[in-house]
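Below: coords.csv (CSV, C-alpha atoms)
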```csv
chain,number,residue,atom,x,y,z
A,34,MET,CA,-9.5,68.1,-58.0
A,35,THR,CA,-11.9,65.3,-59.0
A,36,LEU,CA,-15.6,65.7,-59.9
A,37,HIS,CA,-17.8,62.6,-59.8
A,38,VAL,CA,-20.9,62.9,-62.0
A,39,PRO,CA,-23.7,60.6,-63.3
A,40,PHE,CA,-23.0,59.2,-66.7
A,41,GLU,CA,-25.9,61.1,-68.2
A,42,GLN,CA,-24.2,64.4,-67.2
A,43,PHE,CA,-20.7,63.4,-68.1
A,44,SER,CA,-20.5,64.8,-71.7
A,45,LYS,CA,-22.1,68.1,-70.8
A,46,THR,CA,-19.9,68.5,-67.8
A,47,VAL,CA,-16.7,67.8,-69.7
A,48,GLN,CA,-17.6,70.2,-72.5
A,49,SER,CA,-18.4,73.0,-70.0
A,50,LEU,CA,-15.5,72.6,-67.5
A,51,LEU,CA,-12.6,71.2,-69.5
A,52,GLU,CA,-10.7,72.5,-72.5
A,53,THR,CA,-10.6,69.0,-74.0
A,54,LYS,CA,-13.0,66.7,-75.7
A,55,ARG,CA,-10.7,63.7,-75.1
A,56,VAL,CA,-12.2,61.1,-72.7
A,57,PHE,CA,-11.1,57.7,-71.7
A,58,VAL,CA,-13.1,54.5,-71.1
A,59,THR,CA,-12.1,51.3,-69.4
A,60,PRO,CA,-14.0,48.3,-68.1
A,61,ASN,CA,-15.0,48.5,-64.5
A,62,GLY,CA,-17.1,45.9,-62.8
A,63,MET,CA,-20.2,45.3,-64.9
A,64,GLY,CA,-19.9,48.6,-66.6
A,65,ALA,CA,-17.3,51.2,-67.6
A,66,LEU,CA,-15.2,53.8,-65.8
A,67,VAL,CA,-15.2,57.1,-67.8
A,68,THR,CA,-12.6,59.8,-67.1
A,69,ALA,CA,-11.5,63.1,-68.6
A,70,ALA,CA,-8.9,65.5,-67.2
A,71,ASP,CA,-7.1,68.7,-67.7
A,72,PRO,CA,-3.6,68.4,-66.2
A,73,GLN,CA,-2.9,72.1,-66.3
A,74,LYS,CA,-6.1,72.8,-64.2
A,75,ALA,CA,-5.4,69.7,-62.1
A,76,THR,CA,-9.0,68.8,-62.7
A,77,MET,CA,-10.5,65.4,-63.4
A,78,ILE,CA,-14.1,64.4,-64.2
A,79,VAL,CA,-15.1,60.8,-63.4
A,80,CYS,CA,-18.2,58.7,-63.7
A,81,HIS,CA,-19.3,55.0,-63.8
A,82,ALA,CA,-21.5,53.9,-66.6
A,83,ASP,CA,-23.8,51.0,-65.9
A,84,VAL,CA,-23.4,49.9,-69.5
A,85,PRO,CA,-20.6,48.0,-71.3
A,86,PRO,CA,-17.6,50.0,-72.5
A,87,THR,CA,-18.7,49.7,-76.1
A,88,GLN,CA,-22.1,51.2,-75.4
A,89,ALA,CA,-20.5,54.0,-73.3
A,90,LYS,CA,-18.1,54.8,-76.1
A,91,THR,CA,-20.9,55.0,-78.6
A,92,LYS,CA,-22.9,57.4,-76.5
A,93,LEU,CA,-19.9,59.6,-75.7
A,94,THR,CA,-18.9,59.8,-79.4
A,95,ARG,CA,-22.4,60.8,-80.4
A,96,SER,CA,-22.3,63.6,-77.8
A,97,GLY,CA,-19.2,65.1,-79.6
A,98,LEU,CA,-16.4,63.7,-77.5
A,99,GLU,CA,-13.2,61.9,-78.7
A,100,VAL,CA,-13.1,58.5,-77.0
A,101,PHE,CA,-10.0,56.5,-76.2
A,102,ASP,CA,-9.3,53.3,-74.2
A,103,GLY,CA,-7.8,53.9,-70.8
A,104,ALA,CA,-8.4,55.9,-67.6
A,105,TRP,CA,-6.9,58.8,-65.8
A,106,LYS,CA,-5.8,57.9,-62.3
A,107,LEU,CA,-4.9,60.2,-59.5
A,108,SER,CA,-2.7,57.7,-57.5
A,109,ASP,CA,-2.3,54.1,-56.5
A,110,GLU,CA,-5.5,54.2,-54.6
A,111,ILE,CA,-8.8,52.5,-55.6
A,112,GLU,CA,-9.9,53.5,-59.1
A,113,PRO,CA,-12.1,56.6,-59.2
A,114,GLY,CA,-15.7,55.5,-59.5
A,115,CYS,CA,-15.4,52.4,-57.4
A,116,GLU,CA,-17.1,54.1,-54.4
A,117,GLU,CA,-20.2,54.6,-56.7
A,118,ARG,CA,-20.4,50.8,-57.2
A,119,GLY,CA,-19.3,49.8,-53.7
A,120,ASP,CA,-16.1,48.1,-52.6
A,121,VAL,CA,-15.8,44.4,-52.8
A,122,PHE,CA,-14.0,42.3,-50.2
A,123,ILE,CA,-13.3,38.7,-51.1
A,124,ALA,CA,-13.2,36.1,-48.3
A,125,ALA,CA,-11.7,32.7,-48.7
A,126,VAL,CA,-11.6,29.9,-46.2
A,127,SER,CA,-9.5,26.8,-46.4
A,128,TYR,CA,-10.8,24.0,-44.2
A,129,LYS,CA,-10.2,20.3,-43.4
A,130,SER,CA,-12.6,18.2,-45.4
A,131,VAL,CA,-13.4,14.5,-45.6
A,132,GLU,CA,-11.4,14.4,-48.9
A,133,THR,CA,-7.7,14.0,-48.9
A,134,MET,CA,-7.3,17.6,-50.1
A,135,PRO,CA,-8.4,20.6,-48.0
A,136,GLY,CA,-11.6,22.4,-49.1
A,137,ILE,CA,-11.8,26.0,-50.1
A,138,TRP,CA,-14.9,28.2,-49.8
A,139,VAL,CA,-15.1,31.7,-51.3
A,140,ASP,CA,-17.6,34.6,-50.8
A,141,ALA,CA,-17.8,38.3,-51.5
A,142,TYR,CA,-18.9,41.2,-49.2
A,143,ARG,CA,-19.7,44.9,-49.7
A,144,ALA,CA,-18.0,45.8,-46.4
A,145,VAL,CA,-15.0,44.3,-44.6
A,146,PRO,CA,-16.3,41.2,-42.8
A,147,THR,CA,-15.0,39.8,-39.6
A,148,GLN,CA,-13.6,36.2,-39.5
A,149,ILE,CA,-16.7,35.2,-37.5
A,150,GLN,CA,-19.1,36.7,-40.1
A,151,VAL,CA,-17.3,34.7,-42.8
A,152,LEU,CA,-17.3,31.5,-40.9
A,153,ARG,CA,-21.0,32.0,-39.9
A,154,ALA,CA,-21.9,32.5,-43.6
A,155,MET,CA,-20.0,29.4,-44.6
A,156,TYR,CA,-21.6,27.4,-41.8
A,157,GLU,CA,-25.1,28.6,-42.8
A,158,GLU,CA,-24.5,27.8,-46.5
A,159,PHE,CA,-23.2,24.3,-45.7
A,160,ARG,CA,-26.3,23.6,-43.5
A,161,GLU,CA,-28.7,24.9,-46.2
A,162,THR,CA,-27.1,22.7,-48.9
A,163,GLY,CA,-27.0,19.7,-46.7
A,164,GLU,CA,-23.2,19.4,-46.9
A,165,LEU,CA,-23.0,19.6,-43.1
A,166,PRO,CA,-24.4,17.2,-40.5
A,167,ASP,CA,-26.4,18.6,-37.6
A,168,VAL,CA,-23.5,20.1,-35.6
A,169,SER,CA,-23.2,23.4,-33.7
A,170,PHE,CA,-21.3,26.3,-35.1
A,171,GLU,CA,-18.6,25.9,-32.4
A,172,GLU,CA,-18.2,22.1,-33.3
A,173,PHE,CA,-18.1,23.0,-37.0
A,174,VAL,CA,-15.2,25.5,-36.4
A,175,ARG,CA,-13.4,22.9,-34.3
A,176,LEU,CA,-13.7,20.1,-36.8
A,177,ALA,CA,-13.0,22.3,-40.0
A,178,GLU,CA,-9.8,23.8,-38.6
A,179,PRO,CA,-10.5,26.9,-40.9
A,180,ASN,CA,-8.1,29.5,-42.1
A,181,VAL,CA,-9.9,32.7,-43.1
A,182,VAL,CA,-8.4,35.3,-45.5
A,183,VAL,CA,-10.1,38.5,-46.4
A,184,VAL,CA,-8.7,40.4,-49.5
A,185,SER,CA,-9.5,44.1,-49.6
A,186,PRO,CA,-10.2,46.2,-52.7
A,187,ASN,CA,-6.8,47.8,-52.4
A,188,GLU,CA,-5.1,44.4,-52.4
A,189,ILE,CA,-7.2,43.3,-55.4
A,190,GLU,CA,-6.2,46.5,-57.2
A,191,SER,CA,-2.5,45.8,-56.3
A,192,PHE,CA,-2.7,42.3,-57.7
A,193,LEU,CA,-4.2,43.6,-60.9
A,194,ASP,CA,-1.6,46.3,-61.2
A,195,LYS,CA,1.2,43.7,-60.8
A,196,LYS,CA,-0.3,41.6,-63.5
A,197,THR,CA,-0.6,44.5,-65.9
A,198,GLU,CA,3.0,45.6,-65.2
A,199,ALA,CA,4.3,42.0,-65.8
A,200,GLN,CA,2.4,41.9,-69.1
A,201,ILE,CA,3.8,45.2,-70.2
A,202,ARG,CA,7.4,44.0,-69.5
A,203,GLN,CA,6.9,40.8,-71.6
```
Once more with this new file: its structure as structure tokens, please.
Amino acid sequence: MTLHVPFEQFSKTVQSLLETKRVFVTPNGMGALVTAADPQKATMIVCHADVPPTQAKTKLTRSGLEVFDGAWKLSDEIEPGCEERGDVFIAAVSYKSVETMPGIWVDAYRAVPTQIQVLRAMYEEFRETGELPDVSFEEFVRLAEPNVVVVSPNEIESFLDKKTEAQIRQ
């Protein structure tokens, strides 16, 4: 069972619901993921702090908790707390350019985009910056011969897990 709470309530909640004062802090986005758990009770408390991990650790220590690096994790799903910040989908487009090498364009989205949404955003950006002559969207797509790839939060997490595992083995 996992309880998500605001950072301001984390210390009080841990001290009232768990039989531990050990909490774990790890970087997460622009802030910190903070977790505490009692394996015997199968209970975990999670929050996202909108402050850097060092500041979160200081506040938690001042509230009487023992703070360690790391995070409790339920499974190989997205890290607890990510839903509070919003998922990030990365879109990349390779395209035929006037240079000898193909071009690459990258963008980020809060929800999974369609290929058309990605291409439309690329088209609009290129028009705004003057990188694209006055052509229709359809002509742009035909000339650019784009290849669109969207990377989901689960895939991003999997890539990071593989890197961590590889570093541990070294």
Inset, instruction - Show which residues sit within 6 Å of segment 66-77 of chain A, as a PyMOL selection string. Count only C-alpha atoms, and ignore same-chain residues fewer than 2 positions away. - result: chain A and resi 34-35+56-59+61+79-81+104-105
Legend entry - Separation of atom CA of Phe40 of chain A from atom CA of Lys196 of chain A, in Å and rounded to one decimal: 28.9 Å
Inset, instruction - Name the closest residue to Phe43 of chain A among the candidates A:Thr147, A:Ser169, A:Thr162, A:Ser96; distances are taken between atoms, counting all atoms listed in the file. - result: A:Ser96
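Atom pair atom CA of Val151 of chain A / atom CA of Val184 of chain A has a distance of 12.3 Å (rounded to one decimal).
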Legend entry - Selection near Lys92 of chain A, 12 Å with all atoms listed in the file, sequence-local residues under 3 positions removed, as a list in words: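 Everything that qualifies: Phe40, Glu41, Gln42, Phe43, Ser44, Val56, Val58, Val67, Ala82, Val84, Pro85, Pro86, Thr87, Gln88, Ala89, Arg95, Ser96, Gly97, Leu98, Glu99 and Val100 of chain A.
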Legend entry - Nearest-residue call for Asp140 of chain A, choices A:Glu190, A:Glu158, A:Asp102, A:Glu171, using all atoms listed in the file: A:Glu158
Inset, instruction - Report the distance between atom CA of Ser127 of chain A and atom CA of Val181 of chain A in Å, rounded to one decimal place. - result: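 That distance, rounded to one decimal, is 6.8 Å.
Taking only C-alpha atoms into account, Phe122 of chain A lies nearest to A:Ala144 out of the set A:Ile137, A:Val182, A:Ala144, A:Leu51.
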Legend entry - Which residue of A:Tyr128, A:Trp138, A:Lys54, A:Arg143 approaches Phe101 of chain A most closely, using all atoms listed in the file: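 Closest to Phe101 of chain A of all the choices is A:Lys54.
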Inset, instruction - List the neighbours of Ser185 of chain A out to 9 Å using all atoms listed in the file; skip same-chain residues closer than 5 positions along the sequence, and give me the result as a PyMOL selection string. - result: chain A and resi 120-124+145+190
Legend entry - Pick from A:Met155, A:Leu50, A:Val139, A:Ile189, whichever lies nearest to Val174 of chain A using all atoms listed in the file: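 Going through A:Met155, A:Leu50, A:Val139, A:Ile189 one by one, the smallest distance to Val174 of chain A is for A:Met155.
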Legend entry - Long-range neighbours of Phe173 of chain A as a VMD selection string, 12 Å cut-off, all atoms listed in the file, 4 positions minimum in chain: chain A and resid 128 to 130 152 to 153 155 to 157 159 to 160 164 to 169 177 to 179
